[in-house]
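Beneath this line is the structure, given in structure tokens, with notes to follow.
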Amino acid sequence: MAVAKLDQTLVMTTFCPPDKEMVKLVDSAIPGFLVEIYPSGTKTYALRYKNKFKKQKQHKLGYASDITCDQARKLAQKAKARVVMGEDPAEERAVTRTIPTIAELAKRYLDYARTYKRSHAIDERYLRIHVLPKFGKRHLTELGQVEVLEWLEAKVRVDGYAQATVNRWQVILGHMYRMAKKWGLPGSDRNPLEGVPQKACNNEVERFLTVEETRRLQDAVEASPNRQLKYIVALLLLTGCRKRELFDAKWDEFHLDRQTWRIPMQRAKTQKTRHVPLSDAAMQVLAQVPRFEGCPYVIPNPATLEPYHSVFHAWDRARKAAGLPDVRMHDLRHSAASNLVNSGQSLYVVGSILGHAQTKTTARYAHLANETLLAAANAAAGHMGTDWARKTD
């Protein structure tokens, strides 16, 4: 180790002999400022100091091939000032190197989500197809709020994705950051989506199937190569259940003698056990559903005897064949609610059958109830056989 006033000429003309591990030049003007020179020709500027715990540390400033000696000196002065203020530049750099990427966080998040979340497969698909291709290689500290929000907005405005779908991406990414903070991962102190409200989805108007559309859909699903699709569609319409509830349904949950389907609280969205009444029509469909030996599921994938993850492609072909390309599978649940309301059932009954946790969820069908009540009022008025609006003069 040699002590000298470091300058560009001295650094550039000093070399390490092949038989030595390293040559170190220490600056005589700034204590701790040094350059390490290796046999390979690599020359690295650094600052050696003691942190607030009196531990010896060395903070790398940069390579001589990238910065001049004067530039390194200025960096050393700034780093030394930070040390005086109680900071630890070397420790901060070590922590920075351990900040995970979004892809690394996503892997840990999905491992965690699989332990409790029924929709973890949806999260995995959204991350794999949309979020990770855009942000996967970026570290947690590299995502800014403006950039993320502009990307989400463009996905709706330019790429045509539904606002509800994009909102789901926002929720997942924000939740990943919150879990990273809970796990104590470096770089998770700032969540770019913290406090950012989701944009309104404008989904107040629900899609309901008419009688004629239902018949067309029935013909299409019965012609589908997926022989299970007709049972899936029929039971979604007849019970008003959620798609995932039906896919995961087991035969031992059905009390056919009482015409009741018990959905365990572990699978119910509201985390409460649900008892779904089975109409005579639903019972007739269940009687036709094929059973597979040793398989507990009601409508499994025949190829695996496990629950379907998705039947989108079969459904998409069927709805297009029926001339209903805008109808989503979830709209079958809305149609079930519409049929209940239009048959004269109260919103309380509809909410109980569909398993709504809040009355405001069922209230979206109030306009259908009003139409039913209006039709009843008109029928009653007509039954009187009296024209109370007749003119008497």
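Just so we're on the same page: first chain in the structure tokens is A, next is B, and so on; residues restart at 1 for each chain, and ligands are numbered from 1 in the order they show up.
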
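In the backbone-derived DSSP annotation, alpha helix (DSSP H) within range 213-263 of chain A comprises Glu213, Thr214, Arg215, Arg216, Leu217, Gln218, Asp219, Ala220, Val221, Glu222, Leu229, Lys230, Tyr231, Ile232, Val233, Ala234, Leu235, Leu236, Leu237, Leu238, Thr239, Lys243, Arg244, Glu245, Leu246 and Phe247 of chain A.
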
Counting only C-alpha atoms, what are the residues of range 153-221 of chain A within 12 Å of range 96-106 of chain A, and for each of them which pair of atoms is the nearest and at what distance in Å, to one decimal? Sort the table by chain and rising number, as JSON lines.
```
{"residue": "A:Ile172", "atom": "CA", "partner": "A:Ala106", "partner_atom": "CA", "distance": 9.6}
{"residue": "A:Leu173", "atom": "CA", "partner": "A:Ala106", "partner_atom": "CA", "distance": 8.8}
{"residue": "A:Gly174", "atom": "CA", "partner": "A:Ile102", "partner_atom": "CA", "distance": 11.4}
{"residue": "A:His175", "atom": "CA", "partner": "A:Ala106", "partner_atom": "CA", "distance": 10.5}
{"residue": "A:Met176", "atom": "CA", "partner": "A:Ala106", "partner_atom": "CA", "distance": 7.1}
{"residue": "A:Tyr177", "atom": "CA", "partner": "A:Leu105", "partner_atom": "CA", "distance": 8.4}
{"residue": "A:Arg178", "atom": "CA", "partner": "A:Leu105", "partner_atom": "CA", "distance": 11.0}
{"residue": "A:Met179", "atom": "CA", "partner": "A:Leu105", "partner_atom": "CA", "distance": 9.2}
{"residue": "A:Ala180", "atom": "CA", "partner": "A:Leu105", "partner_atom": "CA", "distance": 7.3}
{"residue": "A:Lys181", "atom": "CA", "partner": "A:Leu105", "partner_atom": "CA", "distance": 11.0}
{"residue": "A:Trp183", "atom": "CA", "partner": "A:Leu105", "partner_atom": "CA", "distance": 10.6}
{"residue": "A:Gly184", "atom": "CA", "partner": "A:Ile99", "partner_atom": "CA", "distance": 10.7}
{"residue": "A:Leu185", "atom": "CA", "partner": "A:Ile99", "partner_atom": "CA", "distance": 7.1}
{"residue": "A:Pro186", "atom": "CA", "partner": "A:Ile99", "partner_atom": "CA", "distance": 5.1}
{"residue": "A:Gly187", "atom": "CA", "partner": "A:Ile99", "partner_atom": "CA", "distance": 5.5}
{"residue": "A:Ser188", "atom": "CA", "partner": "A:Ile99", "partner_atom": "CA", "distance": 8.4}
{"residue": "A:Asp189", "atom": "CA", "partner": "A:Ile99", "partner_atom": "CA", "distance": 11.1}
```

Skip range 295-303 of chain A itself and residues of its chain fewer than 3 positions away, then list as a PDB file with N, CA, C and O atoms, in the first residue's frame all residues within 7 Å of it, counting only C-alpha atoms.
```pdb
ATOM      1  N   GLN A 228     -69.197 -31.798 -21.614  1.00  0.00           N
ATOM      2  CA  GLN A 228     -69.542 -31.315 -20.281  1.00  0.00           C
ATOM      3  C   GLN A 228     -70.133 -29.899 -20.317  1.00  0.00           C
ATOM      4  O   GLN A 228     -70.773 -29.460 -19.350  1.00  0.00           O
ATOM      5  N   PHE A 247     -67.319 -25.572 -10.831  1.00  0.00           N
ATOM      6  CA  PHE A 247     -66.167 -26.368 -11.258  1.00  0.00           C
ATOM      7  C   PHE A 247     -65.608 -27.221 -10.121  1.00  0.00           C
ATOM      8  O   PHE A 247     -65.162 -28.342 -10.337  1.00  0.00           O
ATOM      9  N   ASP A 248     -65.626 -26.679  -8.900  1.00  0.00           N
ATOM     10  CA  ASP A 248     -65.047 -27.383  -7.751  1.00  0.00           C
ATOM     11  C   ASP A 248     -66.068 -28.212  -6.979  1.00  0.00           C
ATOM     12  O   ASP A 248     -65.724 -28.829  -5.962  1.00  0.00           O
ATOM     13  N   ALA A 249     -67.320 -28.234  -7.429  1.00  0.00           N
ATOM     14  CA  ALA A 249     -68.390 -28.930  -6.706  1.00  0.00           C
ATOM     15  C   ALA A 249     -68.142 -30.439  -6.656  1.00  0.00           C
ATOM     16  O   ALA A 249     -67.693 -31.049  -7.628  1.00  0.00           O
ATOM     17  N   LYS A 250     -68.464 -31.029  -5.497  1.00  0.00           N
ATOM     18  CA  LYS A 250     -68.324 -32.478  -5.311  1.00  0.00           C
ATOM     19  C   LYS A 250     -69.703 -33.083  -5.039  1.00  0.00           C
ATOM     20  O   LYS A 250     -70.590 -32.430  -4.485  1.00  0.00           O
ATOM     21  N   TRP A 251     -69.843 -34.344  -5.389  1.00  0.00           N
ATOM     22  CA  TRP A 251     -71.133 -35.016  -5.238  1.00  0.00           C
ATOM     23  C   TRP A 251     -71.583 -35.079  -3.780  1.00  0.00           C
ATOM     24  O   TRP A 251     -72.784 -35.003  -3.488  1.00  0.00           O
ATOM     25  N   PHE A 292     -68.007 -40.505 -13.002  1.00  0.00           N
ATOM     26  CA  PHE A 292     -66.776 -41.214 -13.305  1.00  0.00           C
ATOM     27  C   PHE A 292     -66.308 -41.949 -12.045  1.00  0.00           C
ATOM     28  O   PHE A 292     -66.252 -41.352 -10.968  1.00  0.00           O
ATOM     29  N   GLU A 306     -60.123 -34.049 -12.919  1.00  0.00           N
ATOM     30  CA  GLU A 306     -59.903 -32.941 -11.992  1.00  0.00           C
ATOM     31  C   GLU A 306     -60.776 -31.761 -12.419  1.00  0.00           C
ATOM     32  O   GLU A 306     -61.252 -31.718 -13.560  1.00  0.00           O
ATOM     33  N   PRO A 307     -61.001 -30.802 -11.535  1.00  0.00           N
ATOM     34  CA  PRO A 307     -61.819 -29.640 -11.919  1.00  0.00           C
ATOM     35  C   PRO A 307     -61.205 -28.874 -13.082  1.00  0.00           C
ATOM     36  O   PRO A 307     -59.975 -28.795 -13.212  1.00  0.00           O
ATOM     37  N   TYR A 308     -62.059 -28.332 -13.922  1.00  0.00           N
ATOM     38  CA  TYR A 308     -61.591 -27.480 -15.011  1.00  0.00           C
ATOM     39  C   TYR A 308     -60.934 -26.226 -14.441  1.00  0.00           C
ATOM     40  O   TYR A 308     -61.395 -25.660 -13.452  1.00  0.00           O
TER      41      TYR A 308
END
```

Write out as a count of residues only which residues come within 8 Å of range 260-264 of chain A when counting only C-alpha atoms, dropping same-chain ones fewer than 6 positions away. 11

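Near Gln284 in chain A, within a cut-off of 12 Å and counting only C-alpha atoms, sit the residues Tyr231, Ala234, Leu235, Leu238, Leu256, Gln259, Leu278, Ser279 and Val289 of chain A, with same-chain residues fewer than 5 positions away left out.
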
For the residues in that selection, give me all heavy atoms as a PDB file, in the first residue's frame.
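For reference, part08.pdb as written:
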```
ATOM      1  N   TYR A 231     -73.884 -29.272 -19.497  1.00  0.00           N
ATOM      2  CA  TYR A 231     -74.246 -29.399 -18.090  1.00  0.00           C
ATOM      3  C   TYR A 231     -73.778 -28.167 -17.302  1.00  0.00           C
ATOM      4  O   TYR A 231     -74.482 -27.700 -16.397  1.00  0.00           O
ATOM      5  CB  TYR A 231     -73.635 -30.660 -17.493  1.00  0.00           C
ATOM      6  CG  TYR A 231     -73.989 -31.923 -18.243  1.00  0.00           C
ATOM      7  CD1 TYR A 231     -73.015 -32.713 -18.841  1.00  0.00           C
ATOM      8  CD2 TYR A 231     -75.323 -32.323 -18.370  1.00  0.00           C
ATOM      9  CE1 TYR A 231     -73.343 -33.866 -19.533  1.00  0.00           C
ATOM     10  CE2 TYR A 231     -75.660 -33.482 -19.067  1.00  0.00           C
ATOM     11  CZ  TYR A 231     -74.669 -34.241 -19.649  1.00  0.00           C
ATOM     12  OH  TYR A 231     -75.005 -35.382 -20.336  1.00  0.00           O
ATOM     13  N   ALA A 234     -76.152 -25.249 -18.212  1.00  0.00           N
ATOM     14  CA  ALA A 234     -77.485 -25.487 -17.651  1.00  0.00           C
ATOM     15  C   ALA A 234     -77.507 -25.230 -16.148  1.00  0.00           C
ATOM     16  O   ALA A 234     -78.402 -24.546 -15.629  1.00  0.00           O
ATOM     17  CB  ALA A 234     -77.928 -26.915 -17.949  1.00  0.00           C
ATOM     18  N   LEU A 235     -76.497 -25.733 -15.418  1.00  0.00           N
ATOM     19  CA  LEU A 235     -76.498 -25.582 -13.966  1.00  0.00           C
ATOM     20  C   LEU A 235     -76.163 -24.157 -13.535  1.00  0.00           C
ATOM     21  O   LEU A 235     -76.643 -23.690 -12.503  1.00  0.00           O
ATOM     22  CB  LEU A 235     -75.525 -26.576 -13.342  1.00  0.00           C
ATOM     23  CG  LEU A 235     -75.986 -28.044 -13.435  1.00  0.00           C
ATOM     24  CD1 LEU A 235     -74.891 -28.996 -12.970  1.00  0.00           C
ATOM     25  CD2 LEU A 235     -77.261 -28.265 -12.618  1.00  0.00           C
ATOM     26  N   LEU A 238     -79.522 -22.479 -13.940  1.00  0.00           N
ATOM     27  CA  LEU A 238     -80.580 -22.980 -13.059  1.00  0.00           C
ATOM     28  C   LEU A 238     -80.296 -22.752 -11.573  1.00  0.00           C
ATOM     29  O   LEU A 238     -81.223 -22.744 -10.767  1.00  0.00           O
ATOM     30  CB  LEU A 238     -80.801 -24.474 -13.320  1.00  0.00           C
ATOM     31  CG  LEU A 238     -81.399 -24.814 -14.694  1.00  0.00           C
ATOM     32  CD1 LEU A 238     -81.379 -26.313 -14.938  1.00  0.00           C
ATOM     33  CD2 LEU A 238     -82.822 -24.270 -14.820  1.00  0.00           C
ATOM     34  N   LEU A 256     -79.521 -34.629  -2.602  1.00  0.00           N
ATOM     35  CA  LEU A 256     -80.543 -34.715  -3.635  1.00  0.00           C
ATOM     36  C   LEU A 256     -81.920 -35.028  -3.059  1.00  0.00           C
ATOM     37  O   LEU A 256     -82.931 -34.630  -3.637  1.00  0.00           O
ATOM     38  CB  LEU A 256     -80.134 -35.766  -4.678  1.00  0.00           C
ATOM     39  CG  LEU A 256     -78.790 -35.494  -5.393  1.00  0.00           C
ATOM     40  CD1 LEU A 256     -78.495 -36.588  -6.397  1.00  0.00           C
ATOM     41  CD2 LEU A 256     -78.801 -34.128  -6.070  1.00  0.00           C
ATOM     42  N   GLN A 259     -83.056 -31.746  -2.216  1.00  0.00           N
ATOM     43  CA  GLN A 259     -82.896 -30.801  -3.324  1.00  0.00           C
ATOM     44  C   GLN A 259     -82.110 -29.557  -2.883  1.00  0.00           C
ATOM     45  O   GLN A 259     -82.492 -28.421  -3.142  1.00  0.00           O
ATOM     46  CB  GLN A 259     -84.253 -30.401  -3.919  1.00  0.00           C
ATOM     47  CG  GLN A 259     -84.977 -31.562  -4.585  1.00  0.00           C
ATOM     48  CD  GLN A 259     -86.188 -31.132  -5.404  1.00  0.00           C
ATOM     49  OE1 GLN A 259     -87.152 -31.883  -5.531  1.00  0.00           O
ATOM     50  NE2 GLN A 259     -86.153 -29.933  -5.979  1.00  0.00           N
ATOM     51  N   LEU A 278     -82.151 -26.563  -5.227  1.00  0.00           N
ATOM     52  CA  LEU A 278     -82.093 -27.199  -6.546  1.00  0.00           C
ATOM     53  C   LEU A 278     -83.510 -27.369  -7.073  1.00  0.00           C
ATOM     54  O   LEU A 278     -84.310 -28.132  -6.523  1.00  0.00           O
ATOM     55  CB  LEU A 278     -81.389 -28.553  -6.452  1.00  0.00           C
ATOM     56  CG  LEU A 278     -79.934 -28.516  -5.948  1.00  0.00           C
ATOM     57  CD1 LEU A 278     -79.428 -29.922  -5.709  1.00  0.00           C
ATOM     58  CD2 LEU A 278     -79.045 -27.775  -6.945  1.00  0.00           C
ATOM     59  N   SER A 279     -83.819 -26.642  -8.137  1.00  0.00           N
ATOM     60  CA  SER A 279     -85.148 -26.740  -8.744  1.00  0.00           C
ATOM     61  C   SER A 279     -85.343 -28.116  -9.367  1.00  0.00           C
ATOM     62  O   SER A 279     -84.382 -28.894  -9.534  1.00  0.00           O
ATOM     63  CB  SER A 279     -85.305 -25.662  -9.819  1.00  0.00           C
ATOM     64  OG  SER A 279     -84.380 -25.890 -10.868  1.00  0.00           O
ATOM     65  N   VAL A 289     -76.060 -35.941 -15.654  1.00  0.00           N
ATOM     66  CA  VAL A 289     -74.612 -35.704 -15.614  1.00  0.00           C
ATOM     67  C   VAL A 289     -73.876 -37.033 -15.452  1.00  0.00           C
ATOM     68  O   VAL A 289     -74.166 -37.805 -14.538  1.00  0.00           O
ATOM     69  CB  VAL A 289     -74.255 -34.754 -14.452  1.00  0.00           C
ATOM     70  CG1 VAL A 289     -72.739 -34.674 -14.272  1.00  0.00           C
ATOM     71  CG2 VAL A 289     -74.835 -33.374 -14.703  1.00  0.00           C
TER      72      VAL A 289
END
```
